Each structure stands twice: as C-alpha cells, then as structure tokens.
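K.L.:
First, the structure itself, so that you have it in front of you.
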Amino acid sequence: MPSILQCVDCSQQYPIDTVVYSCGACGGLLDVRHDFEPARQGLTQNLFDGRLGALSAPYNSGVWRYKELIYPGVDDEHIVSRMEGNTNLYELPKVAAYAGVDTLFLKHEGENPTGSFKDRGMTTGLTQAKVLKMKRVACASTGNTSASLASYAARAGMQGIIFLQNQQIALGKLAQGIAFGAICLQINADFDRNMALAQQVSARLGMYLLNSVNPFRLEGQKSIMFEALQQLRWQAPDWIVVPGGNLGNSSAFGKGLLELYELGLIDRLPRLAIVQAEGANPLYRHYKSGFRQYQPVKAQTIASAIKIGNPVNVSKAIRALEWTGGVVEAVSDQQIMDAKAVVDAVGIGCEPASACSVAGARKLARRGIIQRGDTVLGVLTGHILKDPEATIGYHADTLPQLKPQHRNEMLQAEADIEEIVALLESAPAPAPLGAARSQN
Ligand SMILES: Cc1ncc(COP(=O)(O)O)c(C=O)c1O
Ligand SMILES: [Zn+2]
C-alpha cells in the first residue's frame, strides 16, 4: 500500500490497516501519509479537471475525484459514498461588503448529503471501517458528526453508535441520527466529556471511532480545499476562513493545502484564519499566549456545533497555522448570529457555527489583518435547516443576551383582506441588508 500512518510528534510509523488513533510511543496524533512519488507525473490539474461531471463512481464524488490524493491504494469496492462534496462556491458581493472586503467566496459545505462537511470525512472513515472489516462505528458529537455517521453507517450496513449530549443539540441533527437508525445515546455530559467516553467505550467494545481524531476523517475533509481550489481554476485566494471546534477541518485544510502546493497544483499557499466562538476559544487563547500555555475551557456558545472546550486536534491545527502563516480569531454570539442573518438574507443560509467564517473575516478586516483587496474564501460548514430554533429565535428576538441587527420580523393578521392590505401597506419591507437587493 502506498500509504502509512505516522505520528505527527515522533514520526513513529504504523501500517495503514492498524486500528490506532494515537501514537503508542508518545500519545501524539496520527497522520495518514501517502507516497505520491510513483504517480507524481500524472497528478495534474488536467487529471482532476477531466473528472468534473463524472457520472460513475468513484469520481462522481467530490471527495473521490481526488482519489490519488485521498487514499490512493484503496479498492474501489470498499468505498462507501453518497456522492458527497460537489458543493457550490458562491461569490457574494453583498456579504463581501458586510465583511469589508472586495472579493468573498463562500463554499457551502451545508450542501453535502446530510447537510454538513462531515460527509466528506465520513466517506473516507466508513471506507476505512470497511477495509478493517469493522461491524460497529461510533462517535461523540455536537450533532453533525452523528448525523453523518448514522447515514454512512446505514449505507455501509454497519451499526452506528452516537454519543450525544442531553442539552443544546440542534433538532435537525438529532432527527437525522434517530431516523438513519443509529443507536442514539443521550448522555448527561457536555461534548468534551462525551468525547472521552466515546474513546474509552470504543476501545473496550472494539467499535471503530470516527471522530476527527481518526486521521481518515481528515483525509476526506482535505477535499474541501481541493474542490474549492479547482473551482477557483487552481488560483489560490489570499485567505481561507474556517470555523474552529474540534479543529478537524483546520487541520485537514493545512495538510491538504500543503499537499497541493508540494505537488505543484497551486503556486502559493493561502493563509488560514481559524475562527472560534468567544465562549469556546481554547485555540484562540493559546494563540494569544504565543502557544505557551494551552488550557481547555468550559464551552458555552449559541453555535452548538463548535461548543467544544478541549479540541482533539490542537497540535495539528497549530501545525496548519505554521505552514500557512495563519491566524486565529474569536467572535461573539452576537457577531455570529448577525453574520448568519446576512448570509441567510442573500438566500444562501447556514447554521450558526458556519457564520463564524463571515463574522471572523469581518473582524479580521476591521483589524487590518485581512486587507480590503484580499481574496477571501470562507467555508460554510452546515445547512441552515440544521438549527431552525436558533434562526427563528433570532428573528423573533427571543435569544437571551442578543439584540438582532438584521431582523425579519413575522407579521400577524386575522384572515381579513382589509387588515392584510393595511398591514402590507404600512409595514416597512424587511431590508436587513439595505437597499441593494438586486445583487447578492
Ligand atoms: C457546522 C459545523 N461547523 C464547524 C464545526 C467545527 O469543525 P471542526 O471540529 O472540524 O473544527 C462543526 C463540528 O461539529 C460543525 O458541525
Ligand atoms: Zn509519537
């Protein structure tokens, strides 16, 4: 096999079919590493461009289109796919104006089959579970990972087991886990405690753990960068902005971008901006301390997907920041929800955590770190319908400690034509983003 597992700290190597999530020698995180050399000449932009629009597996997937960069040696018959990826890249002048930059692209990972980027990591994770002949796959989750795991486990004919917290799970995500037939454990614990429990129970019962500590997850999630860069005709933007929770995406993006650069598929590296919620910002604090003192936090934020106080991928995220000259920013729940309303109001929409990309870009632009003329690519990680309660709460102005700045208030009327006409004539048209409604 042209791939191995390798410790990011001590470089200890393990065969690719070892069931291991951290280094036995030093406890460090593991990378999946591929030997690109034998095929290097063929790994060209043309190879991947030629597969756009493919109708057959595996290249009809926006992950497996890049199979040589994701898991070159895997047998196609092991691949568990829902044709994930192939998500749109929107150029949004109105959102760009809000962020304070001239050019903003948003890559909408909420357009994946289960409504979040997790599907890109689950296709590779479940594929490896098949290679390893696993029967059961498990994860702890703030919601999206479990929805995705449940779907892909069902597709693969495996039992999914999901560890959920009993508070603040967005309803759309919970519904998916249940509906797709996973064993749903609601546990009286926050995400961080559930993560530790899932690791221990998986080891004890021989279940394959599919949180982003599993390096195969990150191999799939690299494809967000591959696809985005391909959509930009392989022209690197100045910035990639991404929300940070367990820091799987940030880590995957660093690795994927470096691989593209080293293979000559892009000619410069974009800078990575990782954006956390203020109430769940352990990486931000660590960054601010010059990476001298890492401390987990007790997480609290309306963006429940990133309500994570002790991310498992910290060391890989730091590496990604080093590789790309990256930065870390933190934004308040108010800034997250206002930015979300702006993304929603152009007809695109996202879940709260995703809006960190726009809120973070805006904050970094205001601080002069992102320049107005820079090209910025933000990642929207989840679909608007994942968390309808947050959206409705914002527009109904019922969210505690939050004052909606871009409210679209519901109007109420009796079933009476005169009343409705009077209401429509007197009500100001909701214009959350000002008058320029023709452009988005
Ligand atoms: C919608 C959404 N955005 C962001 C994140 C955070 O991603 P990561 O854990 O890779 O940092 C998650 C993770 O659950 C998510 O579901
Ligand atoms: Zn090690």
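How things are named: the first chain in the structure tokens is A, the next is B, and so on; residues count from 1 in each chain; ligands count from 1 in the order shown.
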What's the 8 Å shell around range 221-226 of chain A, counting only C-alpha atoms, without same-chain residues fewer than 5 positions away, as a list in words?
P.N.:
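Those residues are Gly62, Val63, Tyr66, Ile70, Gly85, Phe117, Lys118, Arg120, Gly121, Asn249, Ala252, Phe253, Lys255, Gly256, Leu257 and Leu260 of chain A.
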K.L.:
Excluding Val328 in chain A and residues on its chain fewer than 2 positions from it, collect all residues at most 6 Å away from it, counting only C-alpha atoms, and give them as a ChimeraX atom specification.
P.N.:
/A:273-275,284
K.L.:
Can those selected residues be exported to a file as a PDB file, in the first residue's frame so that it contains C-alpha atoms?
P.N.:
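Listing of selection_1.pdb after writing:
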```pdb
ATOM      1  CA  ALA A 273      -7.817  32.025   9.543  1.00  0.00           C
ATOM      2  CA  ILE A 274      -9.421  29.821  12.197  1.00  0.00           C
ATOM      3  CA  VAL A 275     -12.422  31.441  13.892  1.00  0.00           C
ATOM      4  CA  TYR A 284      -7.575  31.449  20.346  1.00  0.00           C
TER       5      TYR A 284
END
```
K.L.:
Run DSSP on the backbone and grab whatever in range 7-116 of chain A lands in helix (DSSP H, G or I); send it over as an MDAnalysis selection string.
P.N.:
chainID A and resid 37:42 45:49 64:70 76:78 93:99 109:111
K.L.:
Could you give me, as a VMD selection string, every polymer residue with an atom at most 6 Å away from an atom of ligand 1, counting only C-alpha atoms and all ligand atoms?
P.N.:
chain A and resid 142 144 243 to 249 305 to 306 353 to 354 381 to 382
K.L.:
Contacts of range 264-270 of chain A at 9 Å or less, counting only C-alpha atoms, minus same-chain residues fewer than 2 places along, as a VMD selection string?
P.N.:
chain A and resid 43 to 45 229 234 to 240 257 to 262 272 323 to 326
K.L.:
Write out, as a short mmCIF file (atom, residue, chain, number, x, y, z; two decimals), in the first residue's frame, the residues just selected, with N, CA and C atoms.
P.N.:
```cif
data_model
loop_
_atom_site.label_atom_id
_atom_site.label_comp_id
_atom_site.auth_asym_id
_atom_site.auth_seq_id
_atom_site.Cartn_x
_atom_site.Cartn_y
_atom_site.Cartn_z
N LEU A 43 -0.24 13.47 -11.56
CA LEU A 43 -1.14 14.20 -10.65
C LEU A 43 -1.24 15.67 -11.07
N THR A 44 -1.97 15.90 -12.12
CA THR A 44 -2.02 17.23 -12.71
C THR A 44 -3.42 17.84 -12.57
N GLN A 45 -3.48 19.13 -12.78
CA GLN A 45 -4.79 19.81 -12.80
C GLN A 45 -5.69 19.15 -13.84
N LEU A 229 -10.24 24.98 -4.57
CA LEU A 229 -9.15 25.49 -5.41
C LEU A 229 -9.41 25.17 -6.88
N TRP A 234 -7.69 26.75 -9.81
CA TRP A 234 -6.40 26.49 -9.18
C TRP A 234 -5.64 27.77 -8.84
N GLN A 235 -6.35 28.88 -8.75
CA GLN A 235 -5.72 30.15 -8.32
C GLN A 235 -5.97 30.31 -6.83
N ALA A 236 -4.93 30.29 -6.03
CA ALA A 236 -5.11 30.35 -4.58
C ALA A 236 -5.63 31.72 -4.15
N PRO A 237 -6.63 31.74 -3.24
CA PRO A 237 -7.05 33.02 -2.66
C PRO A 237 -6.01 33.46 -1.62
N ASP A 238 -6.18 34.67 -1.09
CA ASP A 238 -5.24 35.11 -0.06
C ASP A 238 -5.56 34.45 1.28
N TRP A 239 -6.85 34.25 1.53
CA TRP A 239 -7.27 33.74 2.83
C TRP A 239 -8.29 32.62 2.70
N ILE A 240 -8.15 31.64 3.59
CA ILE A 240 -9.20 30.64 3.80
C ILE A 240 -9.67 30.87 5.23
N LEU A 257 -3.75 21.75 1.75
CA LEU A 257 -3.15 22.88 1.03
C LEU A 257 -1.66 22.63 0.78
N LEU A 258 -0.99 22.11 1.81
CA LEU A 258 0.44 21.85 1.66
C LEU A 258 0.67 20.79 0.58
N GLU A 259 -0.18 19.77 0.55
CA GLU A 259 -0.02 18.73 -0.47
C GLU A 259 -0.24 19.31 -1.87
N LEU A 260 -1.26 20.16 -2.02
CA LEU A 260 -1.50 20.78 -3.33
C LEU A 260 -0.28 21.59 -3.76
N TYR A 261 0.28 22.31 -2.80
CA TYR A 261 1.42 23.18 -3.09
C TYR A 261 2.66 22.34 -3.46
N GLU A 262 2.90 21.31 -2.67
CA GLU A 262 4.08 20.48 -2.93
C GLU A 262 3.97 19.70 -4.24
N LEU A 272 -4.44 30.66 6.46
CA LEU A 272 -5.61 30.08 7.13
C LEU A 272 -6.02 30.98 8.29
N TRP A 323 2.28 26.28 8.84
CA TRP A 323 2.50 26.04 7.42
C TRP A 323 1.98 27.19 6.56
N THR A 324 0.88 27.80 7.00
CA THR A 324 0.20 28.75 6.12
C THR A 324 0.32 30.21 6.58
N GLY A 325 1.09 30.46 7.64
CA GLY A 325 1.14 31.83 8.17
C GLY A 325 -0.23 32.24 8.67
N GLY A 326 -0.89 31.33 9.36
CA GLY A 326 -2.29 31.53 9.73
C GLY A 326 -2.49 32.36 10.98
#
```
K.L.:
Residues within 10 Å of ligand 2, counting only C-alpha atoms and all ligand atoms: report them as number ranges by chain.
P.N.:
A: 6-13, 22-30
K.L.:
Selection from above, N, CA and C atoms, as a short mmCIF file (atom, residue, chain, number, x, y, z; two decimals), in the first residue's frame, can you write it?
P.N.:
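Saved as selection27.cif:
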```
data_model
loop_
_atom_site.label_atom_id
_atom_site.label_comp_id
_atom_site.auth_asym_id
_atom_site.auth_seq_id
_atom_site.Cartn_x
_atom_site.Cartn_y
_atom_site.Cartn_z
N GLN A 6 1.42 7.88 10.44
CA GLN A 6 2.66 8.40 11.04
C GLN A 6 2.35 9.42 12.13
N CYS A 7 3.05 9.30 13.26
CA CYS A 7 2.84 10.21 14.38
C CYS A 7 3.32 11.61 14.02
N VAL A 8 2.51 12.62 14.33
CA VAL A 8 2.90 13.99 14.00
C VAL A 8 4.00 14.50 14.93
N ASP A 9 4.17 13.85 16.08
CA ASP A 9 5.18 14.32 17.04
C ASP A 9 6.51 13.57 16.92
N CYS A 10 6.47 12.22 16.96
CA CYS A 10 7.75 11.48 16.99
C CYS A 10 8.03 10.71 15.71
N SER A 11 7.11 10.83 14.71
CA SER A 11 7.29 10.20 13.39
C SER A 11 7.24 8.67 13.40
N GLN A 12 6.89 8.08 14.51
CA GLN A 12 6.68 6.62 14.55
C GLN A 12 5.65 6.24 13.48
N GLN A 13 5.91 5.13 12.78
CA GLN A 13 5.00 4.73 11.71
C GLN A 13 4.25 3.45 12.06
N SER A 22 -3.95 7.14 18.15
CA SER A 22 -2.87 8.00 18.62
C SER A 22 -1.62 7.13 18.74
N CYS A 23 -0.47 7.79 18.79
CA CYS A 23 0.81 7.09 18.75
C CYS A 23 1.02 6.27 20.03
N GLY A 24 1.33 5.00 19.86
CA GLY A 24 1.58 4.12 21.01
C GLY A 24 2.85 4.53 21.74
N ALA A 25 3.78 5.18 21.03
CA ALA A 25 5.06 5.54 21.64
C ALA A 25 4.96 6.85 22.45
N CYS A 26 4.25 7.85 21.92
CA CYS A 26 4.27 9.16 22.60
C CYS A 26 2.88 9.76 22.81
N GLY A 27 1.85 9.13 22.31
CA GLY A 27 0.50 9.66 22.50
C GLY A 27 0.10 10.72 21.48
N GLY A 28 0.98 11.04 20.55
CA GLY A 28 0.69 12.10 19.56
C GLY A 28 -0.39 11.69 18.57
N LEU A 29 -0.93 12.69 17.85
CA LEU A 29 -1.92 12.43 16.80
C LEU A 29 -1.25 11.76 15.60
N LEU A 30 -2.06 11.07 14.82
CA LEU A 30 -1.52 10.38 13.64
C LEU A 30 -1.99 11.04 12.35
#
```
K.L.:
Might you pull out every residue within 9 Å of range 199-214 of chain A, with only C-alpha atoms counted and same-chain residues fewer than 5 positions away left off, and present them as a PDB file with N, CA and C atoms, in the first residue's frame?
P.N.:
```
ATOM      1  N   VAL A  19      -5.558  -0.568  13.661  1.00  0.00           N
ATOM      2  CA  VAL A  19      -6.641   0.194  14.310  1.00  0.00           C
ATOM      3  C   VAL A  19      -6.008   0.977  15.456  1.00  0.00           C
ATOM      4  N   VAL A  20      -5.687   2.235  15.193  1.00  0.00           N
ATOM      5  CA  VAL A  20      -4.982   3.057  16.176  1.00  0.00           C
ATOM      6  C   VAL A  20      -5.343   4.520  15.910  1.00  0.00           C
ATOM      7  N   TYR A  21      -5.539   5.286  16.978  1.00  0.00           N
ATOM      8  CA  TYR A  21      -5.947   6.694  16.814  1.00  0.00           C
ATOM      9  C   TYR A  21      -4.896   7.665  17.341  1.00  0.00           C
ATOM     10  N   SER A  22      -3.955   7.144  18.152  1.00  0.00           N
ATOM     11  CA  SER A  22      -2.866   8.000  18.619  1.00  0.00           C
ATOM     12  C   SER A  22      -1.618   7.132  18.745  1.00  0.00           C
ATOM     13  N   LEU A  29      -0.929  12.694  17.850  1.00  0.00           N
ATOM     14  CA  LEU A  29      -1.924  12.426  16.803  1.00  0.00           C
ATOM     15  C   LEU A  29      -1.253  11.764  15.598  1.00  0.00           C
ATOM     16  N   LEU A  30      -2.057  11.068  14.816  1.00  0.00           N
ATOM     17  CA  LEU A  30      -1.518  10.379  13.642  1.00  0.00           C
ATOM     18  C   LEU A  30      -1.986  11.039  12.346  1.00  0.00           C
ATOM     19  N   ASP A  31      -1.101  11.022  11.372  1.00  0.00           N
ATOM     20  CA  ASP A  31      -1.442  11.426  10.004  1.00  0.00           C
ATOM     21  C   ASP A  31      -1.551  10.190   9.135  1.00  0.00           C
ATOM     22  N   GLY A 121     -15.681  13.569   5.456  1.00  0.00           N
ATOM     23  CA  GLY A 121     -14.826  12.763   6.328  1.00  0.00           C
ATOM     24  C   GLY A 121     -15.421  11.399   6.608  1.00  0.00           C
ATOM     25  N   MET A 122     -16.743  11.314   6.542  1.00  0.00           N
ATOM     26  CA  MET A 122     -17.386  10.020   6.801  1.00  0.00           C
ATOM     27  C   MET A 122     -17.205   9.062   5.639  1.00  0.00           C
ATOM     28  N   GLY A 125     -13.912   7.711   6.334  1.00  0.00           N
ATOM     29  CA  GLY A 125     -13.929   6.981   7.606  1.00  0.00           C
ATOM     30  C   GLY A 125     -14.631   5.641   7.481  1.00  0.00           C
ATOM     31  N   LEU A 126     -15.803   5.639   6.847  1.00  0.00           N
ATOM     32  CA  LEU A 126     -16.545   4.369   6.682  1.00  0.00           C
ATOM     33  C   LEU A 126     -15.849   3.453   5.682  1.00  0.00           C
ATOM     34  N   ALA A 129     -13.361   1.797   7.666  1.00  0.00           N
ATOM     35  CA  ALA A 129     -14.044   0.808   8.519  1.00  0.00           C
ATOM     36  C   ALA A 129     -14.309  -0.465   7.723  1.00  0.00           C
ATOM     37  N   MET A 134     -14.827  -3.733  10.038  1.00  0.00           N
ATOM     38  CA  MET A 134     -15.498  -3.354  11.283  1.00  0.00           C
ATOM     39  C   MET A 134     -16.997  -3.640  11.180  1.00  0.00           C
ATOM     40  N   LYS A 135     -17.606  -3.874  12.320  1.00  0.00           N
ATOM     41  CA  LYS A 135     -19.056  -4.078  12.340  1.00  0.00           C
ATOM     42  C   LYS A 135     -19.773  -2.861  12.928  1.00  0.00           C
ATOM     43  N   ARG A 136     -19.057  -2.159  13.838  1.00  0.00           N
ATOM     44  CA  ARG A 136     -19.693  -1.035  14.535  1.00  0.00           C
ATOM     45  C   ARG A 136     -18.807   0.198  14.458  1.00  0.00           C
ATOM     46  N   VAL A 137     -19.433   1.340  14.245  1.00  0.00           N
ATOM     47  CA  VAL A 137     -18.699   2.607  14.204  1.00  0.00           C
ATOM     48  C   VAL A 137     -19.354   3.571  15.201  1.00  0.00           C
ATOM     49  N   ALA A 138     -18.541   4.398  15.845  1.00  0.00           N
ATOM     50  CA  ALA A 138     -19.064   5.242  16.922  1.00  0.00           C
ATOM     51  C   ALA A 138     -18.463   6.638  16.863  1.00  0.00           C
ATOM     52  N   CYS A 139     -19.162   7.597  17.451  1.00  0.00           N
ATOM     53  CA  CYS A 139     -18.605   8.945  17.609  1.00  0.00           C
ATOM     54  C   CYS A 139     -19.315   9.673  18.741  1.00  0.00           C
ATOM     55  N   ALA A 140     -18.623  10.656  19.309  1.00  0.00           N
ATOM     56  CA  ALA A 140     -19.279  11.669  20.136  1.00  0.00           C
ATOM     57  C   ALA A 140     -19.572  12.834  19.210  1.00  0.00           C
ATOM     58  N   SER A 141     -20.618  13.609  19.519  1.00  0.00           N
ATOM     59  CA  SER A 141     -20.971  14.615  18.521  1.00  0.00           C
ATOM     60  C   SER A 141     -21.765  15.763  19.101  1.00  0.00           C
ATOM     61  N   THR A 145     -21.679  15.382  13.195  1.00  0.00           N
ATOM     62  CA  THR A 145     -20.892  14.160  13.001  1.00  0.00           C
ATOM     63  C   THR A 145     -21.799  12.941  13.141  1.00  0.00           C
ATOM     64  N   LEU A 149     -22.446  10.159  10.435  1.00  0.00           N
ATOM     65  CA  LEU A 149     -22.060   8.777  10.753  1.00  0.00           C
ATOM     66  C   LEU A 149     -23.260   7.850  10.607  1.00  0.00           C
ATOM     67  N   ILE A 161     -23.177   4.054  16.361  1.00  0.00           N
ATOM     68  CA  ILE A 161     -23.463   4.346  17.777  1.00  0.00           C
ATOM     69  C   ILE A 161     -23.030   5.777  18.045  1.00  0.00           C
ATOM     70  N   ASN A 194     -18.200  13.608  26.625  1.00  0.00           N
ATOM     71  CA  ASN A 194     -18.681  12.566  25.717  1.00  0.00           C
ATOM     72  C   ASN A 194     -17.571  12.047  24.804  1.00  0.00           C
ATOM     73  N   ASN A 246     -13.601  21.221  17.001  1.00  0.00           N
ATOM     74  CA  ASN A 246     -12.643  20.171  17.336  1.00  0.00           C
ATOM     75  C   ASN A 246     -11.372  20.300  16.487  1.00  0.00           C
ATOM     76  N   LEU A 247     -11.382  21.248  15.568  1.00  0.00           N
ATOM     77  CA  LEU A 247     -10.230  21.640  14.740  1.00  0.00           C
ATOM     78  C   LEU A 247      -9.826  20.585  13.714  1.00  0.00           C
ATOM     79  N   GLY A 248     -10.780  19.744  13.337  1.00  0.00           N
ATOM     80  CA  GLY A 248     -10.521  18.759  12.304  1.00  0.00           C
ATOM     81  C   GLY A 248     -10.369  19.421  10.934  1.00  0.00           C
ATOM     82  N   ASN A 249     -11.294  20.302  10.606  1.00  0.00           N
ATOM     83  CA  ASN A 249     -11.213  20.971   9.305  1.00  0.00           C
ATOM     84  C   ASN A 249      -9.940  21.790   9.180  1.00  0.00           C
ATOM     85  N   VAL A 312      -9.641  18.014  20.071  1.00  0.00           N
ATOM     86  CA  VAL A 312      -8.652  16.927  19.999  1.00  0.00           C
ATOM     87  C   VAL A 312      -7.515  17.224  19.022  1.00  0.00           C
ATOM     88  N   ASN A 313      -7.758  18.114  18.064  1.00  0.00           N
ATOM     89  CA  ASN A 313      -6.753  18.294  17.008  1.00  0.00           C
ATOM     90  C   ASN A 313      -5.864  19.529  17.181  1.00  0.00           C
TER      91      ASN A 313
END
```
K.L.:
Could you check how far CA of Asn166 in chain A sits from CA of Ala189 in chain A, in Å to one decimal?
P.N.:
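Here the two named atoms are 7.1 Å from each other.
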K.L.:
Mind listing the strand (DSSP E or B) residues of range 327-423 of chain A, per DSSP on the backbone, as JSON, numbers by chain?
P.N.:
{"A": [327, 328, 329, 330, 331, 375, 376, 377, 378, 379, 380, 382]}
K.L.:
Please, could you write that set of residues out with N, CA and C atoms as an mmCIF file, in the first residue's frame?
P.N.:
```cif
data_model
loop_
_atom_site.group_PDB
_atom_site.id
_atom_site.type_symbol
_atom_site.label_atom_id
_atom_site.label_comp_id
_atom_site.auth_asym_id
_atom_site.auth_seq_id
_atom_site.Cartn_x
_atom_site.Cartn_y
_atom_site.Cartn_z
ATOM 1 N N VAL A 327 -3.763 32.676 11.227
ATOM 2 C CA VAL A 327 -4.154 33.458 12.410
ATOM 3 C C VAL A 327 -5.380 32.801 13.047
ATOM 4 N N VAL A 328 -5.639 33.175 14.299
ATOM 5 C CA VAL A 328 -6.834 32.694 14.990
ATOM 6 C C VAL A 328 -7.618 33.907 15.472
ATOM 7 N N GLU A 329 -8.923 33.863 15.313
ATOM 8 C CA GLU A 329 -9.789 34.969 15.758
ATOM 9 C C GLU A 329 -10.933 34.376 16.578
ATOM 10 N N ALA A 330 -11.530 35.219 17.408
ATOM 11 C CA ALA A 330 -12.703 34.783 18.174
ATOM 12 C C ALA A 330 -13.812 35.810 17.980
ATOM 13 N N VAL A 331 -15.050 35.337 17.891
ATOM 14 C CA VAL A 331 -16.206 36.220 17.665
ATOM 15 C C VAL A 331 -17.306 35.905 18.669
ATOM 16 N N THR A 375 -8.393 38.442 -1.571
ATOM 17 C CA THR A 375 -9.446 37.489 -1.940
ATOM 18 C C THR A 375 -9.640 36.520 -0.772
ATOM 19 N N VAL A 376 -10.901 36.443 -0.323
ATOM 20 C CA VAL A 376 -11.186 35.643 0.868
ATOM 21 C C VAL A 376 -12.145 34.509 0.498
ATOM 22 N N LEU A 377 -11.800 33.315 0.939
ATOM 23 C CA LEU A 377 -12.700 32.176 0.748
ATOM 24 C C LEU A 377 -13.105 31.658 2.126
ATOM 25 N N GLY A 378 -14.384 31.789 2.429
ATOM 26 C CA GLY A 378 -14.896 31.294 3.708
ATOM 27 C C GLY A 378 -15.628 29.980 3.499
ATOM 28 N N VAL A 379 -15.612 29.149 4.509
ATOM 29 C CA VAL A 379 -16.314 27.863 4.413
ATOM 30 C C VAL A 379 -17.562 27.920 5.282
ATOM 31 N N LEU A 380 -18.703 27.655 4.660
ATOM 32 C CA LEU A 380 -19.952 27.487 5.409
ATOM 33 C C LEU A 380 -20.079 25.995 5.681
ATOM 34 N N GLY A 382 -22.299 24.157 7.636
ATOM 35 C CA GLY A 382 -23.555 23.432 7.815
ATOM 36 C C GLY A 382 -24.760 24.167 7.248
#
```
K.L.:
So, with only C-alpha atoms as the atoms that count, which of A:Gly110, A:Pro93, A:Gly373, A:Gly143 lies closest to Val342 in chain A?
P.N.:
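Among the listed residues, A:Pro93 lies closest to Val342 in chain A.
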